[in-house]
Amino acid sequence: MASLVKTMWSEMKEPVDKKIMWFGFFGVFLQVFTFTLRPETSILSLISGLFGVYAVVLTSQRKLSAYIPAFLQLGTYMILAWKQRFYGELGENIFYFITMIFGLFLWSRNYNNTTGEVKSRNLGKNNIILGMFTALGIGFLWMILKGTNDTQPFMDSITTIPAFVAQILMILRYREQWIYWIIIDLASIVMWWRAGDFCMVAQFVFWTMNCILGWKLWRD
């Protein structure tokens with residue numbers, strides 16, 4: 001544990017690539033600008049969005065320190081999902097919290113001290129089979145959520161089932177995770193737009209951009 005904390009702390013003190021730094025600043029600006037335009041938006045949404053920007057940028061860089069803001073973002077986002085009655089999102093983020101504990105140690109065991117990055121893996125043709133099961137899962141959850149007071153059962157299903165898949169791929173270091181995150185983020189933009197929470201919309205817009213960057217960097 002001590003070595004894990006030491007690695008994350010050393011990462012945070014490393015000089016940041018200027019392009020990545022400006023990309024992160026853009027994410028922060030997007031959050032603050034959106035909150036300024038829509039002052040009725042909860043301050044908790046802004047806080048969650050800012051933690052989210054920091055977490056996903058570090059994840060795309062394959063950094064262990066991504067787990068620090070990721071845990072903070074999870075806690076704030078679960079409160080927001082509960083208030084909106086997005087039950088799929090709530091369950092999904094509880095799953096995130098549990099699996100991220102394991103993911104932190106799995107990443108630490110596959111950390112390249114020379115490059116300062118976690119080693120990535122390739123899923124290959126198995127991604128097609130996984131995609132078919134994901135589609136079936138979306139349909140199954142949609143049928144369940146339609147029987148509840150979930151405010152957006154279809155969109156909630158699209159953002160939930162692929163998220164379970166993407167999270168498992170993430171903690172196992174598969175680069176195909178980014179395909180699923182893109183699908184999730186695009187659906188989340190629609191869902192939170194309908195809910196009227198534009199800080200969350202801004203967060204997922206930025207996350208979509210970061211996913212494209214992550215896909216590129218994890219393939220190198």
# chains A, B, ... in the order shown; residues from 1 in each chain; ligands from 1
>>> closest_atom_pairs(of="segment 141-207 of chain A", to="segment 57-79 of chain A", cutoff="10 Å", atoms="only C-alpha atoms", output="JSON lines")
{"residue": "A:Met170", "atom": "CA", "partner": "A:Thr59", "partner_atom": "CA", "distance": 9.2}
{"residue": "A:Arg173", "atom": "CA", "partner": "A:Arg62", "partner_atom": "CA", "distance": 9.1}
{"residue": "A:Trp178", "atom": "CA", "partner": "A:Ser60", "partner_atom": "CA", "distance": 9.2}
{"residue": "A:Met200", "atom": "CA", "partner": "A:Tyr77", "partner_atom": "CA", "distance": 9.2}
{"residue": "A:Phe206", "atom": "CA", "partner": "A:Val57", "partner_atom": "CA", "distance": 9.7}
{"residue": "A:Trp207", "atom": "CA", "partner": "A:Val57", "partner_atom": "CA", "distance": 8.5}
>>> write_last_selection(atoms="C-alpha atoms", output="tab-separated table (two decimals), in the first residue's frame")
chain	number	residue	atom	x	y	z
A	170	MET	CA	-10.96	-0.77	-17.84
A	173	ARG	CA	-6.60	-2.80	-18.98
A	178	TRP	CA	-12.98	3.36	-24.92
A	200	MET	CA	-23.45	17.03	-16.39
A	206	PHE	CA	-15.69	16.55	-22.47
A	207	TRP	CA	-15.58	12.87	-21.54
>>> closest_residue(among="A:Asn122, A:Gln152, A:Thr160, A:Thr114", to="Thr134 of chain A", atoms="only C-alpha atoms")
A:Thr160
>>> residues_around(residues="Phe26 of chain A", least_positions_apart="6", cutoff="10 Å", atoms="only C-alpha atoms", output="JSON, numbers by chain")
{"A": [20, 32, 53, 206]}
>>> residues_around(residues="Gly196 of chain A", least_positions_apart="2", cutoff="12 Å", atoms="only C-alpha atoms", output="count of residues only")
20
>>> closest_residue(among="A:Ile128, A:Trp181, A:Val165, A:Asp197", to="Ile43 of chain A", atoms="only C-alpha atoms")
A:Asp197
>>> closest_residue(among="A:Phe140, A:Phe23, A:Phe204, A:Phe164", to="Glu92 of chain A", atoms="only C-alpha atoms")
A:Phe164
